[in-house]
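Reproduced below: data04.txt, with compact mmCIF, C-alpha atoms.
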```txt
# COMPACT_ATOMS: atom_id res chain seq x y z
CA MET A 1437 -32.30 8.95 16.70
CA HIS A 1438 -29.69 7.44 14.46
CA PRO A 1439 -29.50 8.01 10.70
CA THR A 1440 -31.42 5.59 8.52
CA SER A 1441 -28.80 5.67 5.76
CA ALA A 1442 -25.15 6.48 5.22
CA ASP A 1443 -22.67 6.24 2.38
CA VAL A 1444 -20.11 4.62 4.71
CA VAL A 1445 -20.83 2.79 7.97
CA ILE A 1446 -17.83 2.23 10.23
CA ILE A 1447 -18.38 -0.53 12.79
CA GLY A 1448 -16.16 0.30 15.75
CA GLY A 1449 -15.68 3.82 17.07
CA ALA A 1450 -12.46 3.53 19.06
CA VAL A 1451 -9.17 4.97 17.81
CA ILE A 1452 -9.02 3.17 14.44
CA GLY A 1453 -12.66 3.77 13.51
CA SER A 1454 -12.59 7.37 14.70
CA SER A 1455 -9.34 8.06 12.87
CA ILE A 1456 -10.85 6.73 9.64
CA ALA A 1457 -13.94 8.90 10.15
CA TYR A 1458 -11.80 11.98 10.84
CA PHE A 1459 -9.51 11.44 7.86
CA LEU A 1460 -12.46 10.79 5.53
CA ARG A 1461 -13.44 14.41 6.02
CA ARG A 1462 -9.81 15.52 5.85
CA GLU A 1463 -9.51 13.80 2.46
CA GLY A 1464 -12.61 15.57 1.19
CA PHE A 1465 -15.14 12.72 1.37
CA ARG A 1466 -18.54 14.41 1.05
CA GLY A 1467 -20.85 11.47 1.66
CA ARG A 1468 -22.62 10.69 4.91
CA VAL A 1469 -20.52 8.76 7.43
CA ALA A 1470 -21.91 6.87 10.43
CA VAL A 1471 -19.79 5.27 13.16
CA ILE A 1472 -21.43 2.51 15.19
CA GLU A 1473 -19.98 1.98 18.66
CA LYS A 1474 -21.64 -0.32 21.19
CA ASP A 1475 -19.59 0.99 24.14
CA PRO A 1476 -19.74 4.80 23.96
CA THR A 1477 -17.97 5.02 27.33
CA TYR A 1478 -15.01 3.20 25.77
CA GLN A 1479 -14.23 1.59 29.10
CA TRP A 1480 -13.96 -1.91 27.60
CA CYS A 1481 -12.23 -1.11 24.34
CA ALA A 1482 -8.55 -1.80 23.72
CA THR A 1483 -7.79 1.88 23.06
CA GLY A 1484 -8.43 3.12 26.59
CA ARG A 1485 -6.58 0.17 28.11
CA SER A 1486 -3.54 0.44 25.87
CA VAL A 1487 0.02 1.02 27.08
CA ALA A 1488 0.07 3.32 24.03
CA SER A 1489 3.65 2.74 22.96
CA ILE A 1490 4.99 4.55 19.90
CA ARG A 1491 7.88 3.06 17.94
CA GLN A 1492 9.35 2.77 14.49
CA GLN A 1493 11.34 -0.36 15.30
CA PHE A 1494 9.58 -2.79 12.99
CA SER A 1495 10.87 -5.23 10.40
CA THR A 1496 8.25 -4.41 7.75
CA PRO A 1497 8.71 -1.19 5.73
CA GLU A 1498 4.97 -0.40 5.72
CA ASN A 1499 4.84 -0.59 9.52
CA ILE A 1500 7.82 1.73 9.81
CA ARG A 1501 6.25 4.27 7.47
CA LEU A 1502 2.90 4.11 9.27
CA SER A 1503 4.60 4.77 12.59
CA GLN A 1504 6.70 7.59 11.15
CA PHE A 1505 3.54 9.33 9.97
CA GLY A 1506 2.03 8.73 13.39
CA ALA A 1507 4.98 10.28 15.21
CA GLY A 1508 4.82 13.38 13.01
CA PHE A 1509 1.07 13.59 13.54
CA PHE A 1510 1.48 13.37 17.31
CA ARG A 1511 4.13 16.09 17.31
CA GLY A 1512 1.80 18.35 15.35
CA ILE A 1513 -1.29 17.60 17.39
CA LYS A 1514 -1.87 21.25 18.30
CA THR A 1515 -1.64 22.29 14.66
CA GLU A 1516 -4.14 19.58 13.76
CA PHE A 1517 -6.69 20.09 16.54
CA GLY A 1518 -5.93 23.47 18.16
CA GLN A 1519 -3.69 24.84 20.87
CA ASP A 1520 -5.66 23.16 23.67
CA ALA A 1521 -5.07 19.69 22.20
CA ASP A 1522 -2.74 17.50 24.26
CA ILE A 1523 -2.08 13.77 24.04
CA ALA A 1524 0.96 13.85 26.37
CA PHE A 1525 3.36 12.56 23.72
CA ARG A 1526 6.49 11.56 25.62
CA GLU A 1527 9.48 10.95 23.35
CA ARG A 1528 11.36 9.12 26.05
CA GLY A 1529 12.88 6.45 23.82
CA TYR A 1530 12.28 2.79 23.09
CA MET A 1531 14.78 -0.04 23.51
CA VAL A 1532 14.59 -3.44 21.81
CA MET A 1533 17.19 -5.75 23.34
CA ALA A 1534 18.66 -8.84 21.66
CA THR A 1535 20.79 -11.77 22.74
CA PRO A 1536 24.03 -12.52 20.88
CA GLU A 1537 22.05 -15.09 18.84
CA GLY A 1538 19.52 -12.44 17.84
CA ARG A 1539 22.02 -9.69 17.15
CA ALA A 1540 22.20 -10.19 13.37
CA THR A 1541 18.41 -9.96 12.99
CA LEU A 1542 18.28 -6.87 15.20
CA ALA A 1543 21.11 -5.21 13.26
CA ALA A 1544 19.35 -5.90 9.95
CA ASN A 1545 16.11 -4.42 11.31
CA VAL A 1546 17.89 -1.30 12.57
CA ALA A 1547 19.59 -0.89 9.19
CA LEU A 1548 16.19 -1.06 7.46
CA GLN A 1549 14.69 1.42 9.90
CA ARG A 1550 17.56 3.87 9.44
CA SER A 1551 17.37 3.53 5.65
CA LEU A 1552 13.78 4.77 5.86
CA GLY A 1553 14.75 7.73 8.02
CA ALA A 1554 13.98 6.39 11.50
CA ASP A 1555 16.18 7.85 14.25
CA ILE A 1556 17.33 4.50 15.65
CA GLU A 1557 20.83 3.59 16.78
CA LEU A 1558 22.37 0.20 17.38
CA LEU A 1559 23.92 0.05 20.83
CA GLU A 1560 26.64 -2.41 21.79
CA PRO A 1561 26.57 -3.92 25.31
CA ALA A 1562 29.29 -1.57 26.62
CA GLU A 1563 27.32 1.47 25.48
CA ILE A 1564 24.09 0.08 26.95
CA ALA A 1565 25.83 -0.40 30.31
CA LYS A 1566 27.25 3.13 30.20
CA ARG A 1567 23.91 4.80 29.49
CA PHE A 1568 21.71 2.59 31.67
CA ARG A 1569 23.80 1.69 34.69
CA TRP A 1570 20.90 -0.03 36.40
CA LEU A 1571 20.47 -2.52 33.51
CA ALA A 1572 22.12 -5.97 33.48
CA VAL A 1573 23.79 -6.43 30.09
CA ASP A 1574 26.05 -9.50 30.42
CA ASP A 1575 23.79 -11.69 28.25
CA LEU A 1576 22.94 -9.01 25.64
CA GLY A 1577 24.34 -8.89 22.11
CA ALA A 1578 23.02 -5.41 21.22
CA ALA A 1579 19.96 -3.17 21.47
CA GLY A 1580 18.06 -0.87 19.17
CA TRP A 1581 17.41 2.52 20.78
CA GLY A 1582 15.00 5.10 19.41
CA ARG A 1583 16.53 8.50 19.99
CA SER A 1584 13.44 10.39 18.85
CA GLY A 1585 9.98 9.66 17.55
CA GLU A 1586 9.46 6.84 20.05
CA GLY A 1587 7.79 6.75 23.45
CA TRP A 1588 4.10 6.83 24.38
CA VAL A 1589 0.95 8.94 24.38
CA ASP A 1590 -2.29 9.24 26.36
CA PRO A 1591 -4.61 6.94 24.38
CA SER A 1592 -7.92 8.30 25.68
CA SER A 1593 -6.98 11.87 24.74
CA LEU A 1594 -6.02 10.78 21.22
CA LEU A 1595 -9.32 8.95 20.76
CA ALA A 1596 -11.27 11.95 22.09
CA LEU A 1597 -9.60 14.29 19.60
CA PHE A 1598 -10.32 12.04 16.61
CA ARG A 1599 -13.91 11.53 17.72
CA LYS A 1600 -14.57 15.20 18.45
CA GLY A 1601 -12.92 16.21 15.17
CA ALA A 1602 -15.04 13.77 13.19
CA ILE A 1603 -18.28 14.88 14.85
CA ALA A 1604 -17.41 18.53 14.23
CA GLN A 1605 -17.24 17.71 10.52
CA GLY A 1606 -20.66 16.07 10.41
CA VAL A 1607 -19.90 12.42 11.14
CA ASP A 1608 -22.74 10.65 12.97
CA TYR A 1609 -21.86 8.52 16.01
CA VAL A 1610 -24.43 5.86 16.80
CA ALA A 1611 -24.46 4.30 20.29
CA ALA A 1612 -25.65 0.85 19.26
CA GLU A 1613 -24.47 -2.66 18.51
CA ALA A 1614 -24.31 -3.97 14.97
CA ILE A 1615 -25.74 -7.49 14.83
CA GLY A 1616 -26.09 -8.14 11.11
CA ILE A 1617 -25.14 -7.08 7.62
CA GLU A 1618 -27.86 -7.50 5.01
CA MET A 1619 -26.64 -8.43 1.54
CA GLN A 1620 -28.16 -9.10 -1.85
CA LYS A 1621 -26.22 -10.80 -4.64
CA GLY A 1622 -22.91 -10.15 -2.92
CA ARG A 1623 -23.61 -6.47 -2.30
CA ILE A 1624 -24.04 -4.81 1.08
CA GLU A 1625 -27.44 -3.22 1.56
CA SER A 1626 -27.70 -2.34 5.25
CA VAL A 1627 -26.46 -2.87 8.79
CA ARG A 1628 -28.89 -4.18 11.40
CA LEU A 1629 -28.69 -2.93 14.98
CA ARG A 1630 -29.62 -4.67 18.21
CA ASP A 1631 -32.15 -1.94 19.02
CA GLY A 1632 -34.15 -2.98 15.96
CA GLY A 1633 -33.01 -0.21 13.68
CA THR A 1634 -31.17 -0.46 10.37
CA ILE A 1635 -28.81 1.83 8.50
CA ALA A 1636 -28.93 1.46 4.75
CA THR A 1637 -25.45 1.57 3.23
CA GLY A 1638 -23.38 0.21 0.40
CA THR A 1639 -20.03 0.30 2.23
CA VAL A 1640 -19.02 -1.09 5.62
CA VAL A 1641 -15.66 -0.61 7.32
CA CYS A 1642 -14.76 -3.20 9.96
CA ALA A 1643 -12.77 -1.38 12.66
CA ALA A 1644 -14.09 -3.45 15.54
CA GLY A 1645 -10.76 -4.45 17.09
CA TRP A 1646 -10.92 -7.76 18.90
CA HIS A 1647 -14.57 -8.18 17.85
CA SER A 1648 -13.66 -7.97 14.16
CA ALA A 1649 -14.08 -11.67 13.33
CA LYS A 1650 -17.70 -11.45 14.52
CA VAL A 1651 -18.36 -8.43 12.32
CA THR A 1652 -16.74 -10.11 9.32
CA ALA A 1653 -18.90 -13.19 9.88
CA MET A 1654 -21.99 -10.98 9.51
CA ALA A 1655 -20.96 -10.56 5.88
CA GLY A 1656 -20.39 -14.30 5.49
CA LEU A 1657 -16.60 -13.92 5.54
CA VAL A 1658 -13.85 -15.52 7.64
CA LEU A 1659 -11.12 -13.49 9.31
CA PRO A 1660 -8.05 -14.88 11.16
CA VAL A 1661 -8.33 -12.30 13.95
CA ALA A 1662 -8.78 -13.49 17.53
CA PRO A 1663 -9.20 -11.75 20.91
CA LYS A 1664 -6.12 -12.35 23.04
CA LYS A 1665 -5.97 -11.20 26.64
CA ARG A 1666 -3.03 -9.10 27.87
CA PHE A 1667 -2.26 -8.00 31.43
CA VAL A 1668 -0.69 -4.67 32.36
CA PHE A 1669 0.82 -4.42 35.84
CA VAL A 1670 1.55 -1.17 37.69
CA VAL A 1671 4.66 -1.61 39.82
CA ASP A 1672 6.62 0.54 42.25
CA CYS A 1673 10.41 0.53 42.04
CA LYS A 1674 12.02 2.69 44.73
CA THR A 1675 15.33 3.03 42.87
CA PRO A 1676 15.34 5.73 40.16
CA LEU A 1677 15.95 4.24 36.72
CA VAL A 1678 17.56 7.23 35.04
CA GLY A 1679 16.89 7.52 31.33
CA ALA A 1680 14.41 4.64 31.12
CA GLY A 1681 12.18 4.62 28.08
CA LEU A 1682 10.02 1.72 27.04
CA MET A 1683 12.40 -1.20 27.51
CA ILE A 1684 11.80 -4.60 25.90
CA ASP A 1685 13.79 -7.58 27.13
CA PRO A 1686 14.77 -10.32 24.62
CA THR A 1687 12.10 -12.48 26.29
CA GLY A 1688 9.41 -9.96 25.36
CA VAL A 1689 8.91 -8.66 28.89
CA TYR A 1690 8.58 -4.86 28.81
CA PHE A 1691 8.45 -1.99 31.27
CA ARG A 1692 8.20 1.78 31.03
CA PRO A 1693 7.79 4.72 33.41
CA GLU A 1694 4.31 5.99 34.24
CA GLY A 1695 4.57 8.87 36.67
CA ARG A 1696 6.34 7.58 39.77
CA PHE A 1697 5.45 4.00 38.87
CA PHE A 1698 6.22 1.62 36.01
CA LEU A 1699 3.97 -0.35 33.68
CA ALA A 1700 5.08 -3.90 32.93
CA GLY A 1701 3.80 -6.88 31.01
CA SER A 1702 4.47 -9.55 28.42
CA ALA A 1703 2.64 -11.69 25.90
CA PRO A 1704 2.35 -15.38 26.83
CA PRO A 1705 3.74 -18.02 24.47
CA GLU A 1706 1.39 -18.83 21.59
CA SER A 1707 0.92 -22.32 23.01
CA ASP A 1708 -0.62 -20.77 26.12
CA ASP A 1709 -2.58 -17.89 24.60
CA PRO A 1710 -6.21 -18.94 24.16
CA ASP A 1711 -8.95 -16.75 22.74
CA ALA A 1712 -10.53 -14.81 25.61
CA GLU A 1713 -13.10 -12.07 26.07
CA ASP A 1714 -13.22 -11.84 29.85
CA PHE A 1715 -11.34 -9.24 31.90
CA ASP A 1716 -10.17 -11.45 34.76
CA ILE A 1717 -6.56 -10.88 35.84
CA ASP A 1718 -4.20 -13.76 36.55
CA HIS A 1719 -1.81 -12.32 39.15
CA SER A 1720 0.26 -15.50 39.13
CA PHE A 1721 1.32 -14.56 35.59
CA PHE A 1722 3.24 -11.63 37.03
CA ASP A 1723 4.74 -13.62 39.90
CA GLU A 1724 5.84 -16.54 37.74
CA LYS A 1725 6.51 -15.09 34.27
CA ILE A 1726 7.30 -11.39 34.59
CA TRP A 1727 8.84 -10.58 37.97
CA PRO A 1728 11.77 -13.04 37.71
CA LEU A 1729 12.73 -11.65 34.30
CA LEU A 1730 12.38 -8.04 35.44
CA ALA A 1731 14.56 -8.70 38.47
CA ALA A 1732 17.20 -10.39 36.32
CA ARG A 1733 17.31 -7.49 33.86
CA VAL A 1734 16.94 -4.71 36.46
CA PRO A 1735 18.28 -5.88 39.85
CA ALA A 1736 16.62 -2.88 41.54
CA MET A 1737 13.24 -4.37 40.61
CA GLU A 1738 13.79 -7.45 42.76
CA THR A 1739 12.00 -5.70 45.62
CA LEU A 1740 9.25 -3.98 43.60
CA LYS A 1741 5.60 -3.97 44.65
CA VAL A 1742 2.55 -4.41 42.44
CA HIS A 1743 0.10 -1.54 42.99
CA ASN A 1744 -2.52 -2.23 40.36
CA ALA A 1745 -3.27 -4.22 37.23
CA TRP A 1746 -5.69 -4.23 34.35
CA CYS A 1747 -6.58 -6.36 31.36
CA CYS A 1748 -6.90 -5.43 27.71
CA HIS A 1749 -7.39 -7.42 24.52
CA TYR A 1750 -5.34 -7.45 21.33
CA ASP A 1751 -6.98 -8.12 17.97
CA VAL A 1752 -4.31 -10.64 17.04
CA ASN A 1753 -3.94 -11.63 13.42
CA THR A 1754 -3.10 -15.29 13.94
CA PHE A 1755 -1.97 -15.61 10.31
CA ASP A 1756 1.08 -13.32 10.39
CA HIS A 1757 0.60 -10.68 13.14
CA ASN A 1758 0.28 -7.79 10.68
CA ALA A 1759 -2.77 -5.62 10.10
CA ILE A 1760 -5.37 -6.66 7.52
CA LEU A 1761 -6.35 -3.60 5.55
CA GLY A 1762 -8.40 -2.70 2.53
CA CYS A 1763 -11.28 -4.07 0.48
CA HIS A 1764 -12.13 -7.74 0.90
CA PRO A 1765 -11.65 -9.48 -2.47
CA GLU A 1766 -14.95 -11.36 -2.19
CA VAL A 1767 -17.01 -8.34 -1.10
CA PRO A 1768 -15.13 -5.21 -2.27
CA SER A 1769 -17.46 -2.84 -0.41
CA PHE A 1770 -16.53 -4.54 2.89
CA VAL A 1771 -13.36 -2.78 4.04
CA LEU A 1772 -11.03 -4.18 6.70
CA ALA A 1773 -9.01 -2.23 9.25
CA CYS A 1774 -8.17 -4.73 11.96
CA GLY A 1775 -5.74 -7.43 13.11
CA PHE A 1776 -3.16 -4.98 14.41
CA SER A 1777 -1.86 -7.43 17.04
CA GLY A 1778 -1.09 -4.66 19.53
CA HIS A 1779 0.10 -1.97 17.10
CA GLY A 1780 -3.21 -0.29 16.32
CA LEU A 1781 -3.06 2.83 18.44
CA GLN A 1782 0.35 3.97 17.23
CA GLN A 1783 -0.63 3.29 13.63
CA SER A 1784 -4.09 4.83 13.87
CA PRO A 1785 -3.25 8.15 12.16
CA GLY A 1786 -1.55 6.44 9.20
CA VAL A 1787 -4.24 3.78 8.87
CA GLY A 1788 -7.00 6.36 9.16
CA ARG A 1789 -5.46 8.37 6.36
CA ALA A 1790 -4.85 5.28 4.20
CA ILE A 1791 -8.38 3.88 4.47
CA ALA A 1792 -9.79 7.37 3.89
CA GLU A 1793 -7.70 7.63 0.71
CA LEU A 1794 -8.95 4.25 -0.43
CA LEU A 1795 -12.60 5.16 0.12
CA THR A 1796 -12.32 8.68 -1.27
CA HIS A 1797 -9.97 8.20 -4.22
CA GLY A 1798 -10.14 4.46 -4.85
CA GLN A 1799 -6.47 3.91 -4.08
CA TYR A 1800 -3.73 4.46 -1.52
CA ARG A 1801 -2.01 7.74 -2.30
CA THR A 1802 0.57 8.27 0.43
CA ILE A 1803 1.72 4.88 1.75
CA ASP A 1804 1.06 1.86 -0.44
CA LEU A 1805 -0.46 -0.68 1.95
CA ALA A 1806 -1.54 -3.18 -0.69
CA ARG A 1807 0.65 -5.88 0.86
CA PHE A 1808 -1.55 -5.71 3.96
CA GLY A 1809 -4.62 -6.71 1.95
CA TYR A 1810 -6.69 -9.82 2.67
CA SER A 1811 -5.47 -11.48 -0.54
CA ARG A 1812 -2.29 -12.57 1.23
CA VAL A 1813 -4.43 -14.57 3.67
CA ALA A 1814 -6.49 -16.17 0.92
CA GLU A 1815 -3.34 -17.06 -1.02
CA ASN A 1816 -1.37 -18.20 2.04
CA ARG A 1817 1.36 -15.58 1.59
CA PRO A 1818 2.15 -14.43 5.13
CA LEU A 1819 3.85 -11.07 5.57
CA ARG A 1820 5.55 -11.71 8.87
CA GLU A 1821 6.53 -8.99 11.31
CA SER A 1822 9.37 -10.10 13.56
CA ASN A 1823 8.97 -7.28 16.08
CA VAL A 1824 5.67 -8.21 17.71
CA TYR A 1825 5.29 -7.28 21.38
```

This structure in structure tokens:
Amino acid sequence: MHPTSADVVIIGGAVIGSSIAYFLRREGFRGRVAVIEKDPTYQWCATGRSVASIRQQFSTPENIRLSQFGAGFFRGIKTEFGQDADIAFRERGYMVMATPEGRATLAANVALQRSLGADIELLEPAEIAKRFRWLAVDDLGAAGWGRSGEGWVDPSSLLALFRKGAIAQGVDYVAAEAIGIEMQKGRIESVRLRDGGTIATGTVVCAAGWHSAKVTAMAGLVLPVAPKKRFVFVVDCKTPLVGAGLMIDPTGVYFRPEGRFFLAGSAPPESDDPDAEDFDIDHSFFDEKIWPLLAARVPAMETLKVHNAWCCHYDVNTFDHNAILGCHPEVPSFVLACGFSGHGLQQSPGVGRAIAELLTHGQYRTIDLARFGYSRVAENRPLRESNVY
């Protein structure tokens, strides 16, 4: 049986929704909280299918600060959840490469990151070649390298800890699908479920990932968030790539170690990136778009083999690729936490805390995320993030 009422209903129980639920209790919120999740196995959600990269190499100060909080949270995971807690945080480094034409932008981004305390260094081509002898550098102008606080985690373990922590503090998890939001005179009254039930509430948080535009439409609102399909390929490279972290080519192609294998992928160009909700894998994308670029950057990968592949979906904010957070100006009790465009998992602790502060105290207290509000969409003021991968 699910609750018939709640002070806050969170639609979406993956890492963002569960982080918000957990931090609501951490911030002292005493009302009843219900999290609605239609896929309690989490096998189809973006969280469990994420490459789970952690970086502070952004061009927007708020993104940098969110990721800094996240890195500190991940390091202190045992203090937060107990000595048995483990999310396999691997601070193996993160490299963002740039061509000579892109060097000035990269250098400016690194300067911003360092000014905010991020442990990033700007590497010249000679230094890149010295540290990563297996990497082709002739066409590079520079690279940003995260010496600490960057790498990856186990996404499913992180989600499980948030969820378990929220439940332990009295949050209700409802295995159901939200199909409607009932409103009267611009105020939220309840959430309707596919099983016929309703949960009376005055506040709804949309944390539904790539389904967020559907949830927003239930409240009669429009959201520029679309489901975009991404492929992750598991490849075998016989040559050891000593010191490899998560490496991003100037083309956007990335790879990182995963046990004895590597994960690799890339976003398609926007002109060839339709909305999609299926999980079919296009193996020709690897053969035609990824493998040639991997082989050019890492000659040892010319003879790699693909062992596996999977598909996930980003909740892409097509307006400016930054998250949309906070109360919707038309319906203030409808709270947004979506549109992360691939950055959601690493920002989940910071976003969870921020939305919890907003709901508990009526304002952001730690990181001011007002610039991520929906008003910028309504007023056509994009806040563009240049480091979107």

Residues near segment 1579-1596 of chain A, cut-off 9 Å, all atoms listed in the file, skip fewer than 4 positions along chain, as a ChimeraX atom specification: /A:1449-1452,1454-1455,1478,1483-1493,1503-1504,1507-1508,1510-1511,1521-1535,1539,1542-1543,1545-1546,1554-1561,1564,1600-1601,1681-1682,1781-1782

So that I can check the surroundings of Arg1630 of chain A, please list as an MDAnalysis selection string every protein, DNA and RNA residue that reaches within 12 Å of it, counting only C-alpha atoms and ignoring chain neighbours fewer than 3 positions away. chainID A and resid 1472:1474 1610:1617 1627 1633:1635

Atom CA of Arg1692 of chain A and atom CA of Gly1518 of chain A are how many Å apart?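 We find that atom CA of Arg1692 of chain A and atom CA of Gly1518 of chain A lie 28.9 Å from each other.
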
Can you work out which one of A:Asp1714, A:Asp1709, A:Asp1608, A:Asp1574 has the shortest atom-to-atom distance to Ser1441 of chain A, counting only C-alpha atoms?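 Result for the nearest residue to Ser1441 of chain A: A:Asp1608.
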
List the neighbours of Asp1718 of chain A out to 12 Å using all atoms listed in the file; skip same-chain residues closer than 5 positions along the sequence, and give me the result as a PyMOL selection string. chain A and resi 1665-1669+1701+1704+1723-1726+1745-1747

Might you pull out every residue within 8 Å of Asn1753 of chain A, with only C-alpha atoms counted and same-chain residues fewer than 5 positions away left off, and present them as a PDB file with C-alpha atoms, keeping the file's coordinate frame?
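Just written: result_27.pdb:
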```
ATOM      1  CA  PRO A1660      -8.050 -14.880  11.160  1.00  0.00           C
ATOM      2  CA  VAL A1661      -8.330 -12.300  13.950  1.00  0.00           C
ATOM      3  CA  ALA A1662      -8.780 -13.490  17.530  1.00  0.00           C
ATOM      4  CA  ASN A1758       0.280  -7.790  10.680  1.00  0.00           C
ATOM      5  CA  ALA A1759      -2.770  -5.620  10.100  1.00  0.00           C
ATOM      6  CA  ILE A1760      -5.370  -6.660   7.520  1.00  0.00           C
ATOM      7  CA  GLY A1775      -5.740  -7.430  13.110  1.00  0.00           C
ATOM      8  CA  PHE A1776      -3.160  -4.980  14.410  1.00  0.00           C
ATOM      9  CA  SER A1777      -1.860  -7.430  17.040  1.00  0.00           C
TER      10      SER A1777
END
```

Which residue, A:Lys1664, A:Arg1733, A:His1743, A:Arg1466, has the smallest gap to Met1683 of chain A when you use only C-alpha atoms? A:Arg1733

As an exercise, work out the distance from atom CA of Trp1727 of chain A to atom CA of Glu1821 of chain A in Å and give it to one decimal place.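 According to the coordinates, atom CA of Trp1727 of chain A and atom CA of Glu1821 of chain A are separated by 26.8 Å.
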
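Distance annotation: of A:Pro1439, A:Ala1653, A:Val1671, A:His1779, the residue with the minimal separation from Glu1738 of chain A is A:Val1671; atom set is all atoms listed in the file.
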
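The smallest atom-to-atom distance between Phe1722 of chain A and any of A:Ser1702, A:Gln1783, A:Thr1652, A:Ser1707, using only C-alpha atoms, is found for A:Ser1702.
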
When you draw a straight line from atom CA of Gly1632 of chain A to atom CA of Met1654 of chain A, how long is it in Å? 15.9 Å

Residues near Arg1501 of chain A, cut-off 8 Å, all atoms listed in the file, skip fewer than 4 positions along chain, as a ChimeraX atom specification: /A:1492,1497,1505,1552,1803

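The smallest atom-to-atom distance between Ile1624 of chain A and any of A:Gly1606, A:Gly1553, A:Pro1768, A:Gly1464, using only C-alpha atoms, is found for A:Pro1768.
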
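Using only C-alpha atoms, the nearest neighbour of Phe1494 of chain A within the list A:Val1824, A:Ala1732, A:Val1767, A:Ala1578 is A:Val1824.
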
Counting all atoms listed in the file, find the residues whose atoms lie at most 12 Å from (-15.1, -0.8, -0.1) (file coordinates) and write them out as JSON, numbers by chain. {"A": [1443, 1444, 1445, 1446, 1623, 1624, 1637, 1638, 1639, 1640, 1641, 1642, 1761, 1762, 1763, 1764, 1765, 1766, 1767, 1768, 1769, 1770, 1771, 1772, 1773, 1791, 1792, 1793, 1794, 1795, 1796, 1797, 1798, 1799]}
